[in-house]
Every structure is written in C-alpha cells, then in structure tokens.
Amino acid sequence: MPDRLNQILSRVAEETLGELAFIFSFFDEETEPVPLDDAVAASISFTGPFSGFLVIVVPNRVLPGLTENMLGLDDEEKATLDQQYDALKETINVICGNALPVISGKQALFDMGTPKMITASAAIQEAVRKEDRPEPVSSVSLILENGQCDLFLFVDGEIPTGADGVGPD
Amino acid sequence: MAINLLIVDDSAVMRAMILKIIRMSDLSIGETHEAANGREGLDALDQHWIDLVILDINMPVMGGEEMIDHMLGNPETKDIPVVVVSTEGSETRIERITKKGAEFIHKPFTPEIISDAVRNIIEKGADHAGST
C-alpha cells in the first residue's frame, strides 16, 4: 500500500504544482529529504473515513517562485512573505483535497481543516519526524526546477481497505 | 453591461489569481469585492450590489455551503449566481452544492475554466433579461 499511496501523492502533487503554479516536477525515490534548517512547511488536517494530516516541506528558496507563478507577477514584482506563506498553504490545501478522493473514492466525505504554516525548523522536525508517532504512511520527494518539495501523509490508525484508489491490496 | 463580482476565499493568493484571470479575459467586469470567509461574504452582499459570487467551500468562520444557505434564505440574494471553486472531491458534496443552484469548478483550474464559467453566467443573465 505505501507504494500505491506514494504514487497517488506524487501524481496529485505533480499535477497541482503544474496547474496551480506552472511548475514542472517529478517524483524521485533517491532524493534525500529537504534539510530542515533552511525550510518552511505547511500542514493540513482532515477527518473522514480516515483521519490524519498532510505536510509539505520546501526549501525557503522555492517559495518566491511558487508564489510569483501562482500570482502571475512580472519579473520586477516580488511576492511578500505573507503571500508566500499563503501560496504554500493553498498548495497543500489543493494537494490534500485532490489526493483524499483518489485514496478513498469519490463518494467519501472528508472535512479538511485550515492549512497552517510551520516556519521554525524545530517545529517542522516535530511535524514530520516525531519519535513517539508512527511513521508517515506515505512520504515522497518531488524534484522542482529550483529545489524540491517533500510530502508526508500521516494517518490515525489504518486506511480502510476497499477504497477506490488504494485497497483492497 | 459590466457585472460586479464578489470573490470569497480564505486564501488571498487564490483571490488574486481568480481576479487576475477574470481581469485578463475579455469579460466586462465592474466593481470587484473580496472576502476571506462566508461571514465576510454575507457582509459584502449587504453593502454592495453584487451580480456574481465566486466562492470557496472550506473556509474558517463560515464555509461556502453555509454562505449559500444564507443567500438562498434571503429574498435579496437568493437569485445571485454562485460559482463554487473548491478542492472538494466528494461527489456527494458536489451534488449537494450543485442542487443548491451553484456551478462547481474544481481546484486546480485552468484560466479558461474560470473565464468560461463567468462568461456563461453573464450570457445566461443577458438571455434572461432579454426574455422578460
């Protein structure tokens, strides 16, 4: 199931980055995770047939380009920090909203929370590598033109089998 | 005739994206207003003449479905066209939204999808005005 989840998450993220921000990206199994000392993250929680949260981590240098592409800014225009954080939150919102129905089927009802920024490296560490919590059920790295982005899907318990996208295995 | 637009989304970046797409199209747009949640959206409807609402679903304070319900319960706003732009993927919930008369556009979207939806609504309005 992790391979299938990784495929779903990477495909949805690639499509989202492409359509939302005109950023070409591709899944790379070999890539090391983004160094957290120069990164920002955003997370979104969800409840439904299964509950959990999804985290996106990107190097700081990726954010301005992501935001400026989403906003269609000219070369001389710069995105503010608030806009950059908002762009990352909207990106994780769209990835999560699109991934859940693929995992659980289009009839499944999920309620998603409000996306939250995580800017301190210690807090990002806590979000993605907390020792007393189970490992993410899916973690993928996508290579971007000027960096990469990592995604981590955590769920409470197990994902019910029989969902359209994932089970039964 | 130019139409007045209200964009309701908790993401300022998403509001700016939608507004930019509409402004770059050949649509005749008058005033544009923005709100960050359904509550603010209803306040904007109280204060301004709005011809079309573009609305997210998942927002803090008041979500899009609740805002639609309030609009439908108010004789002054029940006939304002609504386009829902959301990541929502549940067919059950999308059907519930469209049964309330709203059009549904899935995020992420292409610029053409947004501008075509607005154009269709403008044209429907013109047809309706011409037939009455």
# chains A, B, ... in the order shown; residues from 1 in each chain; ligands from 1
$ closest_atom_pairs --of "chain B" --to "chain A" --cutoff "9 Å" --atoms "only C-alpha atoms" --output "Markdown table"
| residue | atom | partner | partner_atom | distance |
| --- | --- | --- | --- | --- |
| B:Ser11 | CA | A:Asp86 | CA | 6.2 |
| B:Ala12 | CA | A:Asp86 | CA | 7.0 |
| B:Val13 | CA | A:Ala87 | CA | 6.0 |
| B:Met14 | CA | A:Glu90 | CA | 7.5 |
| B:Ala16 | CA | A:Leu71 | CA | 6.6 |
| B:Met17 | CA | A:Leu71 | CA | 5.4 |
| B:Lys20 | CA | A:Leu71 | CA | 7.9 |
| B:Asn58 | CA | A:Met112 | CA | 7.1 |
| B:Met59 | CA | A:Thr114 | CA | 7.0 |
| B:Pro60 | CA | A:Thr114 | CA | 6.8 |
| B:Ser86 | CA | A:Val94 | CA | 8.3 |
| B:Thr87 | CA | A:Gly97 | CA | 4.9 |
| B:Glu88 | CA | A:Gly97 | CA | 5.9 |
| B:Gly89 | CA | A:Pro101 | CA | 5.6 |
| B:Ser90 | CA | A:Lys106 | CA | 4.9 |
| B:Glu91 | CA | A:Gln107 | CA | 5.5 |
| B:Thr92 | CA | A:Gln107 | CA | 5.7 |
| B:Arg93 | CA | A:Leu109 | CA | 7.3 |
| B:Lys107 | CA | A:Val94 | CA | 6.5 |
| B:Pro108 | CA | A:Leu20 | CA | 5.6 |
| B:Phe109 | CA | A:Glu19 | CA | 6.7 |
| B:Thr110 | CA | A:Glu19 | CA | 6.9 |
$ residues_around --residues "Ile3 of chain B" --least-positions-apart "2" --cutoff "9 Å" --atoms "only C-alpha atoms" --output "list in words"
Met1, Leu5, Leu27, Ser28, Ile29, Gly30, Glu31, Thr32, Ile50, Asp51, Leu52 and Ile122 of chain B
$ atom_distance --atom1 "atom CA of Pro64 of chain A" --atom2 "atom CA of Ile44 of chain A"
20.9 Å
$ select_by_dssp --residues "segment 46-169 of chain A" --states "strand (DSSP E)" --output "JSON, numbers by chain"
{"A": [46, 47, 52, 53, 54, 55, 56, 57, 58, 59, 111, 112, 116, 117, 118, 138, 139, 140, 141, 142, 143, 144, 147, 148, 149, 150, 151, 152, 153, 154, 155]}
$ residues_around --residues "Phe27 of chain A" --least-positions-apart "2" --cutoff "8 Å" --atoms "only C-alpha atoms" --output "number ranges by chain"
A: 10, 14, 25, 29, 140-143
$ write_last_selection --atoms "N, CA and C atoms" --output "CSV table (one decimal), in the first residue's frame"
chain,number,residue,atom,x,y,z
A,10,SER,N,2.4,11.6,-5.2
A,10,SER,CA,3.3,12.3,-6.1
A,10,SER,C,2.6,12.7,-7.4
A,14,GLU,N,2.3,16.5,-8.4
A,14,GLU,CA,2.9,17.0,-9.7
A,14,GLU,C,1.8,17.8,-10.5
A,25,SER,N,7.5,19.2,-12.2
A,25,SER,CA,8.1,18.5,-11.1
A,25,SER,C,8.1,17.0,-11.4
A,29,GLU,N,12.7,8.8,-6.1
A,29,GLU,CA,12.8,8.0,-4.9
A,29,GLU,C,14.1,8.1,-4.2
A,140,VAL,N,7.0,11.4,0.0
A,140,VAL,CA,7.5,11.5,-1.3
A,140,VAL,C,8.3,12.8,-1.5
A,141,SER,N,9.3,12.7,-2.4
A,141,SER,CA,10.1,13.9,-2.7
A,141,SER,C,9.9,14.2,-4.2
A,142,LEU,N,9.6,15.4,-4.5
A,142,LEU,CA,9.5,15.8,-5.9
A,142,LEU,C,10.6,16.8,-6.2
A,143,ILE,N,11.2,16.6,-7.4
A,143,ILE,CA,12.3,17.5,-7.8
A,143,ILE,C,11.6,18.6,-8.6
$ closest_residue --among "B:His106, B:Arg15, B:Lys124, B:His48" --to "Thr77 of chain B" --atoms "only C-alpha atoms"
B:His48
$ decode --residues "segment 111-137 of chain A" --atoms "N, CA and C atoms" --output "PDB file, in the first residue's frame"
ATOM      1  N   ASP A 111     -13.679  16.176   5.835  1.00  0.00           N
ATOM      2  CA  ASP A 111     -13.642  17.580   6.255  1.00  0.00           C
ATOM      3  C   ASP A 111     -12.189  17.946   6.471  1.00  0.00           C
ATOM      4  N   MET A 112     -11.757  18.967   5.770  1.00  0.00           N
ATOM      5  CA  MET A 112     -10.368  19.396   5.908  1.00  0.00           C
ATOM      6  C   MET A 112     -10.301  20.618   6.812  1.00  0.00           C
ATOM      7  N   GLY A 113      -9.218  20.680   7.592  1.00  0.00           N
ATOM      8  CA  GLY A 113      -9.020  21.829   8.462  1.00  0.00           C
ATOM      9  C   GLY A 113      -8.437  23.000   7.690  1.00  0.00           C
ATOM     10  N   THR A 114      -8.071  24.033   8.424  1.00  0.00           N
ATOM     11  CA  THR A 114      -7.436  25.199   7.811  1.00  0.00           C
ATOM     12  C   THR A 114      -5.927  24.939   7.741  1.00  0.00           C
ATOM     13  N   PRO A 115      -5.308  25.157   6.580  1.00  0.00           N
ATOM     14  CA  PRO A 115      -3.861  24.923   6.483  1.00  0.00           C
ATOM     15  C   PRO A 115      -3.085  25.831   7.439  1.00  0.00           C
ATOM     16  N   LYS A 116      -2.004  25.283   7.977  1.00  0.00           N
ATOM     17  CA  LYS A 116      -1.177  26.041   8.931  1.00  0.00           C
ATOM     18  C   LYS A 116       0.272  26.065   8.461  1.00  0.00           C
ATOM     19  N   MET A 117       0.916  27.215   8.645  1.00  0.00           N
ATOM     20  CA  MET A 117       2.347  27.339   8.333  1.00  0.00           C
ATOM     21  C   MET A 117       3.180  26.836   9.492  1.00  0.00           C
ATOM     22  N   ILE A 118       4.302  26.235   9.169  1.00  0.00           N
ATOM     23  CA  ILE A 118       5.290  25.833  10.174  1.00  0.00           C
ATOM     24  C   ILE A 118       6.623  26.395   9.692  1.00  0.00           C
ATOM     25  N   THR A 119       7.151  27.367  10.421  1.00  0.00           N
ATOM     26  CA  THR A 119       8.342  28.056   9.908  1.00  0.00           C
ATOM     27  C   THR A 119       9.610  27.709  10.682  1.00  0.00           C
ATOM     28  N   ALA A 120       9.491  27.364  11.928  1.00  0.00           N
ATOM     29  CA  ALA A 120      10.700  27.059  12.707  1.00  0.00           C
ATOM     30  C   ALA A 120      11.155  25.632  12.399  1.00  0.00           C
ATOM     31  N   SER A 121      12.475  25.456  12.225  1.00  0.00           N
ATOM     32  CA  SER A 121      12.969  24.130  11.838  1.00  0.00           C
ATOM     33  C   SER A 121      12.642  23.079  12.896  1.00  0.00           C
ATOM     34  N   ALA A 122      12.659  23.481  14.177  1.00  0.00           N
ATOM     35  CA  ALA A 122      12.335  22.519  15.237  1.00  0.00           C
ATOM     36  C   ALA A 122      10.870  22.073  15.131  1.00  0.00           C
ATOM     37  N   ALA A 123      10.015  23.014  14.770  1.00  0.00           N
ATOM     38  CA  ALA A 123       8.590  22.676  14.642  1.00  0.00           C
ATOM     39  C   ALA A 123       8.347  21.790  13.410  1.00  0.00           C
ATOM     40  N   ILE A 124       9.111  22.033  12.349  1.00  0.00           N
ATOM     41  CA  ILE A 124       8.982  21.172  11.166  1.00  0.00           C
ATOM     42  C   ILE A 124       9.445  19.759  11.518  1.00  0.00           C
ATOM     43  N   GLN A 125      10.553  19.702  12.229  1.00  0.00           N
ATOM     44  CA  GLN A 125      11.077  18.412  12.691  1.00  0.00           C
ATOM     45  C   GLN A 125      10.013  17.668  13.499  1.00  0.00           C
ATOM     46  N   GLU A 126       9.375  18.399  14.398  1.00  0.00           N
ATOM     47  CA  GLU A 126       8.321  17.834  15.251  1.00  0.00           C
ATOM     48  C   GLU A 126       7.165  17.307  14.389  1.00  0.00           C
ATOM     49  N   ALA A 127       6.847  18.064  13.326  1.00  0.00           N
ATOM     50  CA  ALA A 127       5.705  17.690  12.480  1.00  0.00           C
ATOM     51  C   ALA A 127       5.979  16.435  11.657  1.00  0.00           C
ATOM     52  N   VAL A 128       7.211  16.286  11.188  1.00  0.00           N
ATOM     53  CA  VAL A 128       7.454  15.197  10.227  1.00  0.00           C
ATOM     54  C   VAL A 128       8.247  14.022  10.804  1.00  0.00           C
ATOM     55  N   ARG A 129       8.963  14.243  11.917  1.00  0.00           N
ATOM     56  CA  ARG A 129       9.812  13.144  12.405  1.00  0.00           C
ATOM     57  C   ARG A 129       9.687  12.952  13.901  1.00  0.00           C
ATOM     58  N   LYS A 130       8.489  13.131  14.431  1.00  0.00           N
ATOM     59  CA  LYS A 130       8.300  12.988  15.867  1.00  0.00           C
ATOM     60  C   LYS A 130       8.495  11.515  16.255  1.00  0.00           C
ATOM     61  N   GLU A 131       9.292  11.305  17.298  1.00  0.00           N
ATOM     62  CA  GLU A 131       9.682   9.930  17.625  1.00  0.00           C
ATOM     63  C   GLU A 131       8.531   9.073  18.149  1.00  0.00           C
ATOM     64  N   ASP A 132       7.601   9.694  18.921  1.00  0.00           N
ATOM     65  CA  ASP A 132       6.552   8.886  19.543  1.00  0.00           C
ATOM     66  C   ASP A 132       5.314   8.738  18.655  1.00  0.00           C
ATOM     67  N   ARG A 133       5.477   9.006  17.368  1.00  0.00           N
ATOM     68  CA  ARG A 133       4.334   8.848  16.463  1.00  0.00           C
ATOM     69  C   ARG A 133       4.709   7.874  15.355  1.00  0.00           C
ATOM     70  N   PRO A 134       3.741   7.113  14.857  1.00  0.00           N
ATOM     71  CA  PRO A 134       4.050   6.201  13.758  1.00  0.00           C
ATOM     72  C   PRO A 134       4.616   6.949  12.551  1.00  0.00           C
ATOM     73  N   GLU A 135       5.349   6.242  11.757  1.00  0.00           N
ATOM     74  CA  GLU A 135       5.913   6.807  10.533  1.00  0.00           C
ATOM     75  C   GLU A 135       4.785   7.260   9.606  1.00  0.00           C
ATOM     76  N   PRO A 136       5.073   8.195   8.699  1.00  0.00           N
ATOM     77  CA  PRO A 136       4.048   8.554   7.708  1.00  0.00           C
ATOM     78  C   PRO A 136       3.692   7.341   6.837  1.00  0.00           C
ATOM     79  N   VAL A 137       2.422   7.254   6.435  1.00  0.00           N
ATOM     80  CA  VAL A 137       2.038   6.147   5.550  1.00  0.00           C
ATOM     81  C   VAL A 137       2.527   6.383   4.130  1.00  0.00           C
TER      82      VAL A 137
END
